[in-house]
Amino acid sequence: MATDGAGRVEILALAGLPEIREGDNLAAMIGDAIEATADVLPLRVDDVLVVTQKVVSKAEGAVVDLRTVEPRPEAVAWAAAWGRDARQIEVVLREARRIVRMQNGVLITETEHGFVCANGGVDASNVGPGSGDVVTLLPRDPDASADRIRAAMQARFGTDVAVIVSDSFGRPWRWGIVDVALGVSGLLPLDDLRGTPDADGRVMRTTVRAVADEIASAAELALGKTAGQPVALVRGARPERGPGRIAELVMPAENDLFR
């Protein structure tokens, strides 16, 4: 990834998206928001569209009505001990490929995608009118979600922009959350600098930049968590284009020193 000649990256939060509901044509709504936001058109080939997971999940129906959930005894006991909603804990356990840690009120699982994250990505915030009784799940195939949005943008505007589906993750040994990529289309998510010289001529042996995560996190600075703006256009980051998949960012089990 390289910045433009002036070393400048712009992040433009798109305006005008209404509350997203299951079955909505999210790509068409994003296209409308692009047309309604100043200084976005014409799209450029170095643009990256960052779409938050929440609106993708809602449009695709990756939503659970907690009123339909019967929690198992383990979920009830753990929720009572830590002041949590037992129904939501039950959904997290159902979605888990593996429970990584369930301690001190923190539930960390590995999802079917291979992501290791708090609550398996199950989220009760910003869910719309059903708040309190509804949670969203991660999209089943975030790469495919990104592919569909990218194809729709190219068909509508004639420009092939890369797309990232993003979500907020915590980080080991550091407070606070940052946005990371859950799905990608049209860009390589990693920039492998191993074997290339640094500014002093020393050959780098371990440096691999998580470009898709960096772009997702940058976009979140413009979107925020409470402004109701779920899509941003990042311009000037110029990631390497290609058929990247999110699995490239997931560390294989044999490399996980803390498994």
# chains A, B, ... in the order shown; residues from 1 in each chain; ligands from 1

call {"tool": "select_by_dssp", "arguments": {"residues": "segment 82-166 of chain A", "states": "helix (DSSP H, G or I)", "output": "ChimeraX atom specification"}}
result
/A:82,86-95,119-121,142-157

call {"tool": "residues_around", "arguments": {"residues": "Ile20 of chain A", "least_positions_apart": "2", "cutoff": "10 Å", "atoms": "only C-alpha atoms", "output": "list in words"}}
result
Leu17, Pro18, Glu22, Gly23, Asp24, Asn25, Leu26, Met29, Lys54, Val55, Val56, Ser57, Lys58, Ala59, Glu60, Val127 and Gly128 of chain A

call {"tool": "write_last_selection", "arguments": {"atoms": "all heavy atoms", "output": "CSV table (one decimal), in the first residue's frame"}}
result
chain,number,residue,atom,x,y,z
A,17,LEU,N,-27.9,7.0,4.5
A,17,LEU,CA,-28.4,5.6,4.6
A,17,LEU,C,-29.5,5.6,5.7
A,17,LEU,O,-29.2,5.9,6.9
A,17,LEU,CB,-27.3,4.6,4.9
A,17,LEU,CG,-26.7,3.9,3.7
A,17,LEU,CD1,-25.7,4.9,3.0
A,17,LEU,CD2,-26.0,2.7,4.1
A,18,PRO,N,-30.6,5.0,5.4
A,18,PRO,CA,-31.7,4.9,6.4
A,18,PRO,C,-31.4,3.6,7.3
A,18,PRO,O,-30.4,2.9,7.0
A,18,PRO,CB,-32.9,4.7,5.6
A,18,PRO,CG,-32.4,4.0,4.3
A,18,PRO,CD,-31.1,4.6,4.1
A,22,GLU,N,-33.8,-6.4,7.2
A,22,GLU,CA,-33.6,-7.7,6.4
A,22,GLU,C,-34.3,-7.6,5.1
A,22,GLU,O,-35.4,-7.2,4.9
A,22,GLU,CB,-34.2,-8.8,7.2
A,22,GLU,CG,-34.0,-10.2,6.5
A,22,GLU,CD,-34.4,-11.4,7.3
A,22,GLU,OE1,-34.8,-11.2,8.5
A,22,GLU,OE2,-34.4,-12.5,6.8
A,23,GLY,N,-33.5,-8.0,4.0
A,23,GLY,CA,-34.0,-8.0,2.7
A,23,GLY,C,-33.8,-6.7,1.9
A,23,GLY,O,-34.0,-6.7,0.7
A,24,ASP,N,-33.3,-5.7,2.6
A,24,ASP,CA,-33.0,-4.4,1.9
A,24,ASP,C,-31.9,-4.6,0.9
A,24,ASP,O,-31.0,-5.5,1.1
A,24,ASP,CB,-32.6,-3.3,2.9
A,24,ASP,CG,-33.7,-2.7,3.6
A,24,ASP,OD1,-34.9,-2.9,3.2
A,24,ASP,OD2,-33.5,-2.0,4.6
A,25,ASN,N,-32.0,-3.9,-0.2
A,25,ASN,CA,-30.9,-3.9,-1.2
A,25,ASN,C,-29.8,-3.0,-0.8
A,25,ASN,O,-29.8,-1.8,-1.1
A,25,ASN,CB,-31.4,-3.5,-2.6
A,25,ASN,CG,-30.4,-3.7,-3.7
A,25,ASN,OD1,-29.2,-3.7,-3.5
A,25,ASN,ND2,-30.9,-3.8,-4.9
A,26,LEU,N,-28.9,-3.5,0.1
A,26,LEU,CA,-27.9,-2.7,0.7
A,26,LEU,C,-27.0,-2.0,-0.4
A,26,LEU,O,-26.6,-0.8,-0.3
A,26,LEU,CB,-27.0,-3.5,1.6
A,26,LEU,CG,-25.9,-2.8,2.3
A,26,LEU,CD1,-26.4,-1.6,3.2
A,26,LEU,CD2,-25.1,-3.8,3.2
A,29,MET,N,-28.6,1.0,-1.8
A,29,MET,CA,-28.7,2.0,-0.9
A,29,MET,C,-27.3,2.7,-0.7
A,29,MET,O,-27.2,3.9,-0.5
A,29,MET,CB,-29.2,1.5,0.5
A,29,MET,CG,-30.6,1.0,0.4
A,29,MET,SD,-31.1,0.0,1.8
A,29,MET,CE,-31.5,1.2,3.0
A,54,LYS,N,-22.5,-4.4,10.8
A,54,LYS,CA,-23.8,-4.4,11.3
A,54,LYS,C,-24.9,-4.2,10.2
A,54,LYS,O,-25.9,-4.9,10.2
A,54,LYS,CB,-23.9,-3.2,12.3
A,54,LYS,CG,-25.2,-3.2,13.1
A,54,LYS,CD,-25.2,-4.4,14.0
A,54,LYS,CE,-24.1,-4.6,15.0
A,54,LYS,NZ,-24.0,-3.5,16.0
A,55,VAL,N,-24.6,-3.3,9.2
A,55,VAL,CA,-25.6,-3.2,8.2
A,55,VAL,C,-25.6,-4.3,7.2
A,55,VAL,O,-26.7,-4.7,6.7
A,55,VAL,CB,-25.4,-1.8,7.4
A,55,VAL,CG1,-25.7,-0.7,8.3
A,55,VAL,CG2,-24.0,-1.7,6.8
A,56,VAL,N,-24.5,-5.0,7.0
A,56,VAL,CA,-24.4,-6.2,6.1
A,56,VAL,C,-25.2,-7.3,6.8
A,56,VAL,O,-26.1,-7.9,6.2
A,56,VAL,CB,-23.0,-6.6,5.9
A,56,VAL,CG1,-22.9,-7.9,5.2
A,56,VAL,CG2,-22.2,-5.5,5.1
A,57,SER,N,-25.0,-7.5,8.1
A,57,SER,CA,-25.7,-8.5,8.8
A,57,SER,C,-27.2,-8.3,8.8
A,57,SER,O,-28.0,-9.2,8.6
A,57,SER,CB,-25.2,-8.6,10.2
A,57,SER,OG,-23.9,-9.1,10.3
A,58,LYS,N,-27.6,-7.1,9.0
A,58,LYS,CA,-29.1,-6.8,9.1
A,58,LYS,C,-29.7,-7.0,7.7
A,58,LYS,O,-30.8,-7.6,7.6
A,58,LYS,CB,-29.3,-5.4,9.6
A,58,LYS,CG,-29.0,-5.2,11.1
A,58,LYS,CD,-29.6,-4.0,11.7
A,58,LYS,CE,-28.8,-2.7,11.3
A,58,LYS,NZ,-29.3,-1.5,12.0
A,59,ALA,N,-29.1,-6.5,6.6
A,59,ALA,CA,-29.6,-6.7,5.3
A,59,ALA,C,-29.7,-8.2,4.9
A,59,ALA,O,-30.6,-8.6,4.2
A,59,ALA,CB,-28.8,-5.9,4.3
A,60,GLU,N,-28.7,-9.0,5.4
A,60,GLU,CA,-28.7,-10.4,5.0
A,60,GLU,C,-29.5,-11.3,5.9
A,60,GLU,O,-29.5,-12.5,5.7
A,60,GLU,CB,-27.2,-10.9,5.0
A,60,GLU,CG,-26.4,-10.2,3.8
A,60,GLU,CD,-24.9,-10.7,3.8
A,60,GLU,OE1,-24.5,-11.4,4.7
A,60,GLU,OE2,-24.2,-10.3,2.9
A,127,VAL,N,-28.8,-2.1,16.8
A,127,VAL,CA,-29.6,-3.1,16.0
A,127,VAL,C,-30.9,-2.6,15.5
A,127,VAL,O,-31.6,-3.3,14.8
A,127,VAL,CB,-29.8,-4.4,16.9
A,127,VAL,CG1,-28.5,-5.1,17.2
A,127,VAL,CG2,-30.6,-4.0,18.2
A,128,GLY,N,-31.2,-1.3,15.9
A,128,GLY,CA,-32.5,-0.7,15.4
A,128,GLY,C,-33.6,-0.9,16.4
A,128,GLY,O,-33.5,-1.0,17.6

call {"tool": "residues_around", "arguments": {"residues": "segment 135-148 of chain A", "least_positions_apart": "5", "cutoff": "9 Å", "atoms": "only C-alpha atoms", "output": "PyMOL selection string"}}
result
chain A and resi 27+51+53-54+56-58+60-66+88+91-92+95+111-113+120-125+127+130+153+162-165+167+182-186+244-246

call {"tool": "residues_around", "arguments": {"residues": "Thr206 of chain A", "least_positions_apart": "6", "cutoff": "10 Å", "atoms": "only C-alpha atoms", "output": "MDAnalysis selection string"}}
result
chainID A and resid 192:195

call {"tool": "residues_around", "arguments": {"residues": "segment 69-72 of chain A", "least_positions_apart": "2", "cutoff": "6 Å", "atoms": "only C-alpha atoms", "output": "PDB file with N, CA and C atoms, in the first residue's frame"}}
result
ATOM      1  N   LEU A  66     -33.987 -12.612  20.383  1.00  0.00           N
ATOM      2  CA  LEU A  66     -33.672 -13.279  21.639  1.00  0.00           C
ATOM      3  C   LEU A  66     -34.906 -13.852  22.308  1.00  0.00           C
ATOM      4  N   ARG A  67     -36.078 -13.385  21.948  1.00  0.00           N
ATOM      5  CA  ARG A  67     -37.300 -13.915  22.543  1.00  0.00           C
ATOM      6  C   ARG A  67     -37.567 -15.347  22.108  1.00  0.00           C
ATOM      7  N   GLU A  74     -25.841 -23.751  31.552  1.00  0.00           N
ATOM      8  CA  GLU A  74     -24.514 -23.139  31.646  1.00  0.00           C
ATOM      9  C   GLU A  74     -24.576 -21.651  31.318  1.00  0.00           C
ATOM     10  N   ALA A  75     -25.348 -21.299  30.287  1.00  0.00           N
ATOM     11  CA  ALA A  75     -25.486 -19.893  29.910  1.00  0.00           C
ATOM     12  C   ALA A  75     -26.220 -19.110  30.989  1.00  0.00           C
ATOM     13  N   ARG A  87     -29.747 -15.194  27.260  1.00  0.00           N
ATOM     14  CA  ARG A  87     -30.136 -15.511  25.875  1.00  0.00           C
ATOM     15  C   ARG A  87     -29.014 -15.152  24.906  1.00  0.00           C
ATOM     16  N   GLU A  90     -26.247 -17.651  25.199  1.00  0.00           N
ATOM     17  CA  GLU A  90     -26.615 -18.869  24.481  1.00  0.00           C
ATOM     18  C   GLU A  90     -26.322 -18.741  22.989  1.00  0.00           C
TER      19      GLU A  90
END

call {"tool": "closest_residue", "arguments": {"among": "A:Thr109, A:Phe169, A:Arg98, A:Val48", "to": "Ala212 of chain A", "atoms": "only C-alpha atoms"}}
result
A:Val48

call {"tool": "select_by_dssp", "arguments": {"residues": "segment 47-249 of chain A", "states": "strand (DSSP E or B)", "output": "VMD selection string"}}
result
chain A and resid 48 to 52 63 to 65 96 to 103 106 to 111 116 to 118 123 134 to 136 162 to 171 174 to 185 187 191 to 192 197 203 208 to 209 231 to 235 241
